[in-house]
file my_file.txt (compact mmCIF, C-alpha atoms)
# COMPACT_ATOMS: atom_id res chain seq x y z
CA MET A 1 56.15 183.36 98.79
CA GLU A 2 57.37 180.85 101.36
CA LYS A 3 61.12 180.27 101.30
CA ILE A 4 62.29 176.69 101.77
CA ALA A 5 65.79 175.31 102.34
CA MET A 6 65.84 171.74 101.02
CA ILE A 7 68.78 169.79 102.46
CA GLY A 8 69.67 166.70 100.42
CA GLY A 9 69.81 165.55 96.83
CA GLY A 10 68.11 162.13 96.97
CA SER A 11 64.80 160.92 95.60
CA TRP A 12 62.66 162.20 98.49
CA ALA A 13 64.35 165.61 98.45
CA THR A 14 63.71 165.70 94.70
CA ALA A 15 60.04 164.77 95.10
CA LEU A 16 59.46 167.34 97.84
CA THR A 17 61.21 170.05 95.82
CA LYS A 18 58.89 169.24 92.92
CA ILE A 19 55.78 169.54 95.11
CA LEU A 20 56.83 172.68 96.95
CA SER A 21 58.15 174.60 93.94
CA GLU A 22 55.16 173.74 91.76
CA ASN A 23 52.93 175.00 94.58
CA GLY A 24 54.66 178.39 94.41
CA ALA A 25 57.36 178.20 97.09
CA ARG A 26 60.92 179.38 96.55
CA VAL A 27 63.25 176.42 97.19
CA GLY A 28 66.94 176.85 97.89
CA TRP A 29 68.20 173.32 97.23
CA TRP A 30 71.44 172.33 98.95
CA GLN A 31 73.40 169.39 97.60
CA ARG A 32 76.92 168.30 98.48
CA SER A 33 78.11 167.59 94.93
CA LYS A 34 79.19 170.53 92.79
CA ASP A 35 78.71 168.43 89.65
CA ASP A 36 75.13 167.57 90.60
CA VAL A 37 74.32 171.21 91.32
CA GLN A 38 75.84 172.31 88.01
CA HIS A 39 73.87 169.63 86.18
CA LEU A 40 70.64 170.88 87.75
CA ARG A 41 71.44 174.46 86.80
CA THR A 42 72.25 173.48 83.24
CA THR A 43 69.57 170.89 82.45
CA ARG A 44 66.87 171.48 85.14
CA HIS A 45 67.03 167.78 86.06
CA ASN A 46 68.53 165.83 88.98
CA ARG A 47 70.74 163.39 87.11
CA ARG A 48 70.85 160.82 89.94
CA TYR A 49 67.24 160.60 91.19
CA LEU A 50 63.84 161.03 89.51
CA SER A 51 65.67 162.33 86.46
CA SER A 52 62.45 162.76 84.47
CA VAL A 53 61.34 165.67 86.69
CA ALA A 54 62.12 169.10 85.24
CA PHE A 55 62.43 172.06 87.64
CA ASP A 56 61.54 175.71 87.15
CA LEU A 57 64.81 177.50 87.96
CA THR A 58 62.98 180.74 88.72
CA ARG A 59 61.67 178.93 91.83
CA VAL A 60 64.35 176.30 92.49
CA PHE A 61 67.90 177.44 93.29
CA PRO A 62 70.48 174.62 93.54
CA SER A 63 73.55 175.42 95.64
CA THR A 64 76.48 173.87 97.50
CA ASP A 65 76.54 176.76 100.01
CA LEU A 66 74.61 175.43 103.00
CA GLU A 67 74.86 178.58 105.11
CA ASP A 68 73.52 180.75 102.29
CA VAL A 69 70.62 178.39 101.54
CA VAL A 70 69.64 178.23 105.22
CA LYS A 71 70.01 181.97 105.83
CA GLU A 72 67.50 182.84 103.09
CA ALA A 73 64.82 180.37 104.25
CA ASP A 74 61.75 180.42 106.48
CA TRP A 75 61.61 176.61 106.54
CA LEU A 76 64.36 173.99 106.66
CA VAL A 77 63.49 170.55 105.24
CA LEU A 78 65.92 167.76 106.12
CA ALA A 79 66.02 165.06 103.45
CA VAL A 80 69.47 163.48 103.78
CA PRO A 81 69.99 159.95 105.15
CA ALA A 82 70.02 159.95 108.96
CA ALA A 83 73.66 158.80 108.95
CA PHE A 84 74.67 162.07 107.24
CA VAL A 85 72.62 164.55 109.29
CA GLN A 86 75.44 165.37 111.70
CA SER A 87 78.07 165.91 109.02
CA ALA A 88 75.71 168.21 107.12
CA LEU A 89 74.29 170.29 109.97
CA ASP A 90 77.35 170.53 112.20
CA LYS A 91 78.78 173.06 109.75
CA LEU A 92 76.08 175.51 110.85
CA ASP A 93 76.32 177.90 113.76
CA ARG A 94 74.20 176.86 116.76
CA ASP A 95 71.99 179.93 116.27
CA ALA A 96 71.52 179.39 112.53
CA LEU A 97 68.06 177.83 112.92
CA ARG A 98 66.77 180.06 115.71
CA ASN A 99 64.01 181.68 113.65
CA LYS A 100 63.36 178.76 111.28
CA ARG A 101 60.69 176.09 111.27
CA ILE A 102 62.26 172.67 110.68
CA ILE A 103 60.68 169.67 109.01
CA SER A 104 62.35 166.26 109.00
CA ALA A 105 61.65 164.13 105.95
CA ILE A 106 64.00 161.45 107.34
CA LYS A 107 62.70 158.07 108.52
CA GLY A 108 65.73 157.03 110.50
CA MET A 109 67.74 157.62 113.68
CA ILE A 110 71.16 159.19 114.23
CA PRO A 111 73.54 156.19 114.27
CA GLY A 112 75.71 155.96 117.37
CA LYS A 113 73.60 158.45 119.29
CA ASN A 114 70.43 156.34 118.83
CA VAL A 115 68.20 159.42 118.93
CA LEU A 116 65.44 160.64 116.62
CA VAL A 117 66.44 163.24 114.05
CA THR A 118 64.11 165.84 115.57
CA ASP A 119 65.58 165.23 119.04
CA TYR A 120 69.10 165.66 117.67
CA VAL A 121 68.20 168.92 115.91
CA ALA A 122 66.42 170.27 118.99
CA GLU A 123 69.46 169.57 121.18
CA ARG A 124 72.11 170.67 118.67
CA PHE A 125 70.44 174.00 117.89
CA ARG A 126 68.73 174.58 121.27
CA LEU A 127 65.23 174.59 119.78
CA PRO A 128 61.85 173.77 121.34
CA HIS A 129 60.03 170.82 119.77
CA THR A 130 57.22 173.22 118.84
CA GLN A 131 59.58 174.49 116.12
CA LEU A 132 59.90 171.00 114.63
CA GLY A 133 57.82 168.63 112.54
CA ILE A 134 58.06 165.44 110.50
CA VAL A 135 56.70 164.37 107.11
CA ALA A 136 55.19 160.90 107.35
CA GLY A 137 52.82 158.58 105.56
CA PRO A 138 52.77 156.10 102.68
CA CYS A 139 54.36 158.19 99.95
CA HIS A 140 57.13 156.88 97.70
CA ALA A 141 59.10 159.52 95.84
CA GLU A 142 58.79 157.59 92.57
CA GLU A 143 54.99 157.83 92.67
CA VAL A 144 55.13 161.55 93.48
CA ALA A 145 57.23 162.01 90.35
CA LEU A 146 54.49 160.20 88.41
CA GLU A 147 51.85 162.38 90.16
CA LYS A 148 50.05 159.39 91.62
CA GLN A 149 47.53 160.14 94.36
CA SER A 150 49.42 160.34 97.66
CA TYR A 151 48.70 161.14 101.32
CA LEU A 152 51.03 162.77 103.83
CA THR A 153 50.86 163.54 107.53
CA ILE A 154 52.78 166.37 109.16
CA GLY A 155 53.46 165.54 112.79
CA SER A 156 54.26 168.35 115.23
CA PRO A 157 53.29 169.43 118.74
CA ASP A 158 52.57 172.84 117.19
CA HIS A 159 49.31 172.50 115.26
CA GLN A 160 49.84 175.72 113.31
CA LEU A 161 53.27 174.62 112.10
CA ALA A 162 51.84 171.27 110.99
CA GLU A 163 48.89 172.90 109.24
CA ASP A 164 51.06 175.52 107.53
CA PHE A 165 53.42 172.92 106.08
CA SER A 166 50.49 170.70 105.11
CA ALA A 167 49.12 173.64 103.12
CA LEU A 168 52.44 174.00 101.30
CA LEU A 169 52.21 170.37 100.14
CA ARG A 170 48.57 170.08 99.08
CA ASN A 171 47.84 169.89 95.37
CA ARG A 172 45.69 167.82 93.03
CA TYR A 173 47.61 164.60 93.74
CA VAL A 174 48.88 165.19 97.30
CA LYS A 175 46.63 165.41 100.35
CA ALA A 176 48.24 166.42 103.63
CA HIS A 177 46.95 166.86 107.15
CA PRO A 178 48.41 167.80 110.57
CA MET A 179 48.81 165.51 113.58
CA ALA A 180 50.19 166.19 117.07
CA ASP A 181 52.07 162.90 117.62
CA LEU A 182 55.62 163.85 116.64
CA ASP A 183 57.50 161.18 118.60
CA GLY A 184 55.08 158.32 117.89
CA ILE A 185 55.05 158.98 114.16
CA GLU A 186 58.83 159.28 114.04
CA TYR A 187 59.50 156.10 116.02
CA PHE A 188 56.96 154.22 113.90
CA ALA A 189 58.66 155.48 110.72
CA VAL A 190 61.98 154.14 111.98
CA MET A 191 60.50 150.78 112.96
CA LYS A 192 58.60 150.19 109.71
CA ASN A 193 61.91 150.22 107.81
CA ILE A 194 63.14 147.34 109.97
CA ILE A 195 59.95 145.41 109.25
CA ALA A 196 60.17 146.08 105.51
CA LEU A 197 63.77 144.91 105.51
CA THR A 198 62.73 141.69 107.25
CA CYS A 199 59.90 141.21 104.75
CA GLY A 200 62.49 141.51 102.01
CA ILE A 201 64.67 138.87 103.67
CA ALA A 202 61.69 136.53 103.86
CA HIS A 203 60.88 137.13 100.20
CA GLY A 204 64.49 136.50 99.21
CA LEU A 205 64.36 133.18 101.05
CA GLY A 206 61.25 132.15 99.15
CA TYR A 207 58.58 132.75 101.78
CA GLY A 208 55.23 133.62 100.23
CA ASP A 209 52.47 136.18 100.70
CA ASN A 210 50.78 134.14 103.43
CA PHE A 211 53.86 134.32 105.64
CA GLN A 212 54.47 137.98 104.88
CA ALA A 213 50.92 138.87 105.95
CA VAL A 214 51.49 137.13 109.28
CA LEU A 215 54.89 138.81 109.63
CA VAL A 216 53.36 142.26 109.10
CA SER A 217 50.44 141.65 111.46
CA ASN A 218 52.85 140.49 114.17
CA ALA A 219 55.03 143.49 113.39
CA VAL A 220 52.19 145.90 114.19
CA GLN A 221 51.96 144.39 117.67
CA GLU A 222 55.73 144.61 118.08
CA MET A 223 55.80 148.23 116.95
CA ARG A 224 52.92 149.14 119.26
CA ARG A 225 54.80 147.71 122.25
CA PHE A 226 58.01 149.56 121.43
CA VAL A 227 56.45 152.93 120.60
CA HIS A 228 54.32 152.82 123.74
CA ALA A 229 57.41 152.04 125.83
CA MET A 230 59.27 155.00 124.32
CA ASN A 231 56.39 157.48 124.31
CA PRO A 232 53.25 156.25 126.06
CA GLN A 233 50.04 157.95 124.94
CA PRO A 234 46.81 156.91 123.22
CA ARG A 235 47.24 156.62 119.44
CA ASP A 236 45.34 154.89 116.66
CA LEU A 237 47.97 152.91 114.79
CA SER A 238 45.54 152.02 112.01
CA GLY A 239 46.00 155.53 110.56
CA SER A 240 47.89 156.17 107.33
CA ALA A 241 50.84 157.79 109.15
CA TYR A 242 51.38 154.48 110.96
CA LEU A 243 49.89 151.38 109.33
CA GLY A 244 49.73 152.95 105.87
CA ASP A 245 53.43 153.79 105.92
CA LEU A 246 54.27 150.30 107.14
CA LEU A 247 52.25 148.60 104.41
CA VAL A 248 53.67 150.56 101.50
CA THR A 249 57.23 150.08 102.75
CA ALA A 250 56.74 146.36 103.38
CA TYR A 251 55.09 145.59 100.04
CA SER A 252 56.06 148.16 97.41
CA GLN A 253 58.46 147.58 94.54
CA PHE A 254 59.84 151.06 95.29
CA SER A 255 60.82 150.22 98.89
CA ARG A 256 64.59 150.36 99.21
CA ASN A 257 64.43 148.63 102.61
CA ARG A 258 62.48 145.72 101.19
CA THR A 259 64.88 145.60 98.23
CA PHE A 260 67.88 145.59 100.54
CA GLY A 261 66.38 142.80 102.66
CA ASN A 262 65.53 140.78 99.56
CA MET A 263 69.17 140.89 98.52
CA ILE A 264 70.28 139.74 101.98
CA GLY A 265 67.79 136.87 101.81
CA ARG A 266 69.19 135.86 98.44
CA GLY A 267 72.71 135.61 99.83
CA TYR A 268 74.26 139.06 99.34
CA SER A 269 76.52 140.39 102.06
CA VAL A 270 75.54 143.71 103.64
CA LYS A 271 78.39 145.50 101.87
CA SER A 272 77.66 144.03 98.45
CA ALA A 273 73.93 144.83 98.77
CA GLN A 274 74.71 148.43 99.72
CA MET A 275 77.12 148.82 96.81
CA GLU A 276 74.70 147.39 94.26
CA MET A 277 71.75 149.49 95.47
CA ASN A 278 73.76 152.75 95.56
CA MET A 279 71.04 154.09 97.88
CA VAL A 280 70.78 154.16 101.66
CA ALA A 281 68.38 151.70 103.28
CA GLU A 282 67.63 153.43 106.59
CA GLY A 283 66.47 150.14 108.10
CA TYR A 284 70.04 148.81 108.23
CA TYR A 285 71.13 151.53 110.67
CA ALA A 286 67.77 151.55 112.47
CA VAL A 287 68.14 147.86 113.36
CA LYS A 288 71.20 148.60 115.48
CA SER A 289 69.76 151.77 117.06
CA ILE A 290 66.51 150.07 118.08
CA HIS A 291 68.39 147.02 119.37
CA GLU A 292 70.58 149.20 121.58
CA LEU A 293 67.63 151.24 122.86
CA ASN A 294 65.78 148.05 123.72
CA LYS A 295 68.61 146.70 125.90
CA GLU A 296 67.14 148.76 128.75
CA LEU A 297 63.48 148.66 127.74
CA LYS A 298 63.44 144.88 127.23
CA VAL A 299 60.32 145.03 125.04
CA PRO A 300 59.58 141.69 123.31
CA MET A 301 60.71 142.37 119.72
CA PRO A 302 61.37 139.09 117.90
CA ILE A 303 61.32 140.59 114.39
CA ALA A 304 63.74 143.43 115.15
CA THR A 305 65.94 140.98 117.06
CA ALA A 306 66.02 138.56 114.12
CA ALA A 307 67.02 141.39 111.79
CA TYR A 308 69.81 142.39 114.17
CA HIS A 309 71.12 138.82 114.35
CA ILE A 310 71.19 138.56 110.56
CA LEU A 311 72.74 141.96 109.80
CA TYR A 312 75.12 142.47 112.70
CA GLU A 313 75.87 139.02 114.07
CA LYS A 314 75.96 137.37 110.63
CA ILE A 315 73.59 134.56 111.57
CA SER A 316 72.19 132.76 108.53
CA PRO A 317 68.93 134.40 107.33
CA ALA A 318 67.46 130.94 106.72
CA VAL A 319 68.23 129.81 110.27
CA GLU A 320 66.94 133.03 111.82
CA LEU A 321 63.66 132.94 109.88
CA GLU A 322 63.12 129.31 110.94
CA ILE A 323 63.37 130.44 114.56
CA LEU A 324 61.21 133.52 113.96
CA LYS A 325 58.35 131.72 112.26
CA GLU A 326 57.77 129.58 115.36
CA LYS A 327 57.06 132.75 117.38
CA PHE A 328 54.18 133.90 115.17
CA ARG A 329 50.50 133.26 115.68
call {"tool": "encode", "arguments": {"input": "my_file.txt", "output": "structure tokens"}}
result
Amino acid sequence: MEKIAMIGGGSWATALTKILSENGARVGWWQRSKDDVQHLRTTRHNRRYLSSVAFDLTRVFPSTDLEDVVKEADWLVLAVPAAFVQSALDKLDRDALRNKRIISAIKGMIPGKNVLVTDYVAERFRLPHTQLGIVAGPCHAEEVALEKQSYLTIGSPDHQLAEDFSALLRNRYVKAHPMADLDGIEYFAVMKNIIALTCGIAHGLGYGDNFQAVLVSNAVQEMRRFVHAMNPQPRDLSGSAYLGDLLVTAYSQFSRNRTFGNMIGRGYSVKSAQMEMNMVAEGYYAVKSIHELNKELKVPMPIATAAYHILYEKISPAVELEILKEKFR
């Protein structure tokens, strides 16, 4: 029986715990809130996210003791918002993950440091990247809870690690496969949240499907330029780990980044949109990280730049989209 440490109590952590535990793994599930852990132990349900999912408590072990959960595990799965990774993991000793295999289920960057989650973990715990992987692909937690057909990609420079974790995820409604492109997949996952947020802004302003299709097609070109500048290598961006993830995040009703952007387009302030959603839209933080990284790269990125102007320089969304639309072909 594989032993998993699931770090985080949100919807994606809940969905992954469902998949892994139902496939026979033992999941030690760390959450910050004592009340949430007690509720899980008492009712078998996560009261905040995907509350319809019932867990088998002979395989799932909720806890607020991070060190204990990590110590017992073979695998560590990170599923907290990127902004909270440091505060969660910095409690651990630097050697705590030495013999673990680590999977990031986070599609964001460490704010302030402007580094990928896997790069932060590798540096903080002195690990080779062959010990790390990322879960990617078009897979909303809400559809996993409903057992809708879903596809995942596990990116890692270590093929065996990627294949082993893929095997832990496969079931009748989840297909998973390994891929070597850790950095490209992770950067693309960060960028697609920015694009989805901008699609939401456009929708909130009343732009239609025609415009959104052009926005997304231009976004693919923008993302290709940026990812190649950060990590140049041949890659087919039409794959599900890249384009598929972008499409579902840009168009789905379950996309929190699109929802957040839609609220901004309709006139909400950033703070009021965040308070009403009560969920973290990774794209908000990613906009600033990518903008700061691109100060040196100077890659043409009109969509990401427009999002930065709207969210951080408080330029009117209507004005910024008027400027942006003239740059599309």
call {"tool": "atom_distance", "arguments": {"input": "my_file.txt", "atom1": "atom CA of A:Arg170", "atom2": "atom CA of A:Val248"}}
result
20.3 Å
call {"tool": "residues_around", "arguments": {"input": "my_file.txt", "residues": "stretch 42-46 of chain A", "least_positions_apart": "3", "cutoff": "9 Å", "atoms": "only C-alpha atoms", "output": "count of residues only"}}
result
16
call {"tool": "atom_distance", "arguments": {"input": "my_file.txt", "atom1": "atom CA of A:Tyr308", "atom2": "atom CA of A:Phe254"}}
result
23.0 Å
call {"tool": "atom_distance", "arguments": {"input": "my_file.txt", "atom1": "atom CA of A:Asp95", "atom2": "atom CA of A:Lys71"}}
result
10.8 Å
call {"tool": "closest_residue", "arguments": {"input": "my_file.txt", "among": "A:Arg256, A:His140, A:Lys288, A:His228", "to": "A:Glu313", "atoms": "all atoms listed in the file"}}
result
A:Lys288
call {"tool": "closest_residue", "arguments": {"input": "my_file.txt", "among": "A:Glu143, A:Asp119, A:Asp209, A:Asp164", "to": "A:Asp183", "atoms": "all atoms listed in the file"}}
result
A:Asp119
call {"tool": "closest_residue", "arguments": {"input": "my_file.txt", "among": "A:Leu237, A:Leu40, A:Ala73, A:Ala82", "to": "A:Val280", "atoms": "all atoms listed in the file"}}
result
A:Ala82
call {"tool": "closest_residue", "arguments": {"input": "my_file.txt", "among": "A:Leu152, A:Ala122, A:Val85, A:Ala13", "to": "A:Pro138", "atoms": "all atoms listed in the file"}}
result
A:Leu152
call {"tool": "build_atoms", "arguments": {"input": "my_file.txt", "residues": "stretch 69-102 of chain A", "atoms": "N, CA and C atoms", "output": "PDB file, in the frame of the given file"}}
result
ATOM      1  N   VAL A  69      71.956 178.973 101.761  1.00  0.00           N
ATOM      2  CA  VAL A  69      70.620 178.390 101.540  1.00  0.00           C
ATOM      3  C   VAL A  69      69.771 178.498 102.797  1.00  0.00           C
ATOM      4  N   VAL A  70      70.369 178.190 103.955  1.00  0.00           N
ATOM      5  CA  VAL A  70      69.640 178.230 105.220  1.00  0.00           C
ATOM      6  C   VAL A  70      69.279 179.663 105.604  1.00  0.00           C
ATOM      7  N   LYS A  71      70.217 180.578 105.420  1.00  0.00           N
ATOM      8  CA  LYS A  71      70.010 181.970 105.830  1.00  0.00           C
ATOM      9  C   LYS A  71      68.807 182.600 105.142  1.00  0.00           C
ATOM     10  N   GLU A  72      68.566 182.219 103.878  1.00  0.00           N
ATOM     11  CA  GLU A  72      67.500 182.840 103.090  1.00  0.00           C
ATOM     12  C   GLU A  72      66.125 182.229 103.376  1.00  0.00           C
ATOM     13  N   ALA A  73      66.053 181.160 104.167  1.00  0.00           N
ATOM     14  CA  ALA A  73      64.820 180.370 104.250  1.00  0.00           C
ATOM     15  C   ALA A  73      63.989 180.667 105.493  1.00  0.00           C
ATOM     16  N   ASP A  74      62.677 180.421 105.343  1.00  0.00           N
ATOM     17  CA  ASP A  74      61.750 180.420 106.480  1.00  0.00           C
ATOM     18  C   ASP A  74      61.634 179.009 107.071  1.00  0.00           C
ATOM     19  N   TRP A  75      61.726 178.018 106.173  1.00  0.00           N
ATOM     20  CA  TRP A  75      61.610 176.610 106.540  1.00  0.00           C
ATOM     21  C   TRP A  75      62.885 175.871 106.166  1.00  0.00           C
ATOM     22  N   LEU A  76      63.257 174.895 106.987  1.00  0.00           N
ATOM     23  CA  LEU A  76      64.360 173.990 106.660  1.00  0.00           C
ATOM     24  C   LEU A  76      63.777 172.584 106.567  1.00  0.00           C
ATOM     25  N   VAL A  77      63.966 171.913 105.429  1.00  0.00           N
ATOM     26  CA  VAL A  77      63.490 170.550 105.240  1.00  0.00           C
ATOM     27  C   VAL A  77      64.697 169.625 105.153  1.00  0.00           C
ATOM     28  N   LEU A  78      64.799 168.697 106.090  1.00  0.00           N
ATOM     29  CA  LEU A  78      65.920 167.760 106.120  1.00  0.00           C
ATOM     30  C   LEU A  78      65.559 166.508 105.347  1.00  0.00           C
ATOM     31  N   ALA A  79      66.313 166.220 104.289  1.00  0.00           N
ATOM     32  CA  ALA A  79      66.020 165.060 103.450  1.00  0.00           C
ATOM     33  C   ALA A  79      67.298 164.340 103.048  1.00  0.00           C
ATOM     34  N   VAL A  80      68.260 164.292 103.975  1.00  0.00           N
ATOM     35  CA  VAL A  80      69.470 163.480 103.780  1.00  0.00           C
ATOM     36  C   VAL A  80      69.314 162.204 104.605  1.00  0.00           C
ATOM     37  N   PRO A  81      70.037 161.137 104.284  1.00  0.00           N
ATOM     38  CA  PRO A  81      69.990 159.950 105.150  1.00  0.00           C
ATOM     39  C   PRO A  81      70.386 160.310 106.573  1.00  0.00           C
ATOM     40  N   ALA A  82      69.774 159.637 107.548  1.00  0.00           N
ATOM     41  CA  ALA A  82      70.020 159.950 108.960  1.00  0.00           C
ATOM     42  C   ALA A  82      71.511 159.878 109.305  1.00  0.00           C
ATOM     43  N   ALA A  83      72.226 158.965 108.661  1.00  0.00           N
ATOM     44  CA  ALA A  83      73.660 158.800 108.950  1.00  0.00           C
ATOM     45  C   ALA A  83      74.472 160.032 108.568  1.00  0.00           C
ATOM     46  N   PHE A  84      73.929 160.902 107.708  1.00  0.00           N
ATOM     47  CA  PHE A  84      74.670 162.070 107.240  1.00  0.00           C
ATOM     48  C   PHE A  84      74.169 163.386 107.825  1.00  0.00           C
ATOM     49  N   VAL A  85      73.189 163.325 108.725  1.00  0.00           N
ATOM     50  CA  VAL A  85      72.620 164.550 109.290  1.00  0.00           C
ATOM     51  C   VAL A  85      73.674 165.341 110.054  1.00  0.00           C
ATOM     52  N   GLN A  86      74.428 164.671 110.909  1.00  0.00           N
ATOM     53  CA  GLN A  86      75.440 165.370 111.700  1.00  0.00           C
ATOM     54  C   GLN A  86      76.477 166.057 110.830  1.00  0.00           C
ATOM     55  N   SER A  87      77.017 165.330 109.850  1.00  0.00           N
ATOM     56  CA  SER A  87      78.070 165.910 109.020  1.00  0.00           C
ATOM     57  C   SER A  87      77.572 167.089 108.208  1.00  0.00           C
ATOM     58  N   ALA A  88      76.273 167.095 107.871  1.00  0.00           N
ATOM     59  CA  ALA A  88      75.710 168.210 107.120  1.00  0.00           C
ATOM     60  C   ALA A  88      75.438 169.403 108.031  1.00  0.00           C
ATOM     61  N   LEU A  89      74.750 169.181 109.137  1.00  0.00           N
ATOM     62  CA  LEU A  89      74.290 170.290 109.970  1.00  0.00           C
ATOM     63  C   LEU A  89      75.347 170.839 110.908  1.00  0.00           C
ATOM     64  N   ASP A  90      76.353 170.052 111.254  1.00  0.00           N
ATOM     65  CA  ASP A  90      77.350 170.530 112.200  1.00  0.00           C
ATOM     66  C   ASP A  90      78.219 171.652 111.638  1.00  0.00           C
ATOM     67  N   LYS A  91      78.072 171.918 110.351  1.00  0.00           N
ATOM     68  CA  LYS A  91      78.780 173.060 109.750  1.00  0.00           C
ATOM     69  C   LYS A  91      78.103 174.370 110.102  1.00  0.00           C
ATOM     70  N   LEU A  92      76.850 174.299 110.562  1.00  0.00           N
ATOM     71  CA  LEU A  92      76.080 175.510 110.850  1.00  0.00           C
ATOM     72  C   LEU A  92      76.323 175.996 112.270  1.00  0.00           C
ATOM     73  N   ASP A  93      76.259 177.305 112.440  1.00  0.00           N
ATOM     74  CA  ASP A  93      76.320 177.900 113.760  1.00  0.00           C
ATOM     75  C   ASP A  93      75.115 177.449 114.595  1.00  0.00           C
ATOM     76  N   ARG A  94      75.277 177.370 115.898  1.00  0.00           N
ATOM     77  CA  ARG A  94      74.200 176.860 116.760  1.00  0.00           C
ATOM     78  C   ARG A  94      72.968 177.765 116.749  1.00  0.00           C
ATOM     79  N   ASP A  95      73.138 179.014 116.338  1.00  0.00           N
ATOM     80  CA  ASP A  95      71.990 179.930 116.270  1.00  0.00           C
ATOM     81  C   ASP A  95      71.407 180.036 114.867  1.00  0.00           C
ATOM     82  N   ALA A  96      71.924 179.247 113.934  1.00  0.00           N
ATOM     83  CA  ALA A  96      71.520 179.390 112.530  1.00  0.00           C
ATOM     84  C   ALA A  96      70.047 179.088 112.287  1.00  0.00           C
ATOM     85  N   LEU A  97      69.455 178.241 113.134  1.00  0.00           N
ATOM     86  CA  LEU A  97      68.060 177.830 112.920  1.00  0.00           C
ATOM     87  C   LEU A  97      67.099 178.477 113.910  1.00  0.00           C
ATOM     88  N   ARG A  98      67.558 179.476 114.619  1.00  0.00           N
ATOM     89  CA  ARG A  98      66.770 180.060 115.710  1.00  0.00           C
ATOM     90  C   ARG A  98      65.378 180.497 115.258  1.00  0.00           C
ATOM     91  N   ASN A  99      65.287 181.145 114.120  1.00  0.00           N
ATOM     92  CA  ASN A  99      64.010 181.680 113.650  1.00  0.00           C
ATOM     93  C   ASN A  99      63.406 180.869 112.501  1.00  0.00           C
ATOM     94  N   LYS A 100      63.869 179.624 112.355  1.00  0.00           N
ATOM     95  CA  LYS A 100      63.360 178.760 111.280  1.00  0.00           C
ATOM     96  C   LYS A 100      62.354 177.761 111.837  1.00  0.00           C
ATOM     97  N   ARG A 101      61.533 177.249 110.934  1.00  0.00           N
ATOM     98  CA  ARG A 101      60.690 176.090 111.270  1.00  0.00           C
ATOM     99  C   ARG A 101      61.281 174.902 110.513  1.00  0.00           C
ATOM    100  N   ILE A 102      61.497 173.800 111.227  1.00  0.00           N
ATOM    101  CA  ILE A 102      62.260 172.670 110.680  1.00  0.00           C
ATOM    102  C   ILE A 102      61.360 171.461 110.517  1.00  0.00           C
TER     103      ILE A 102
END
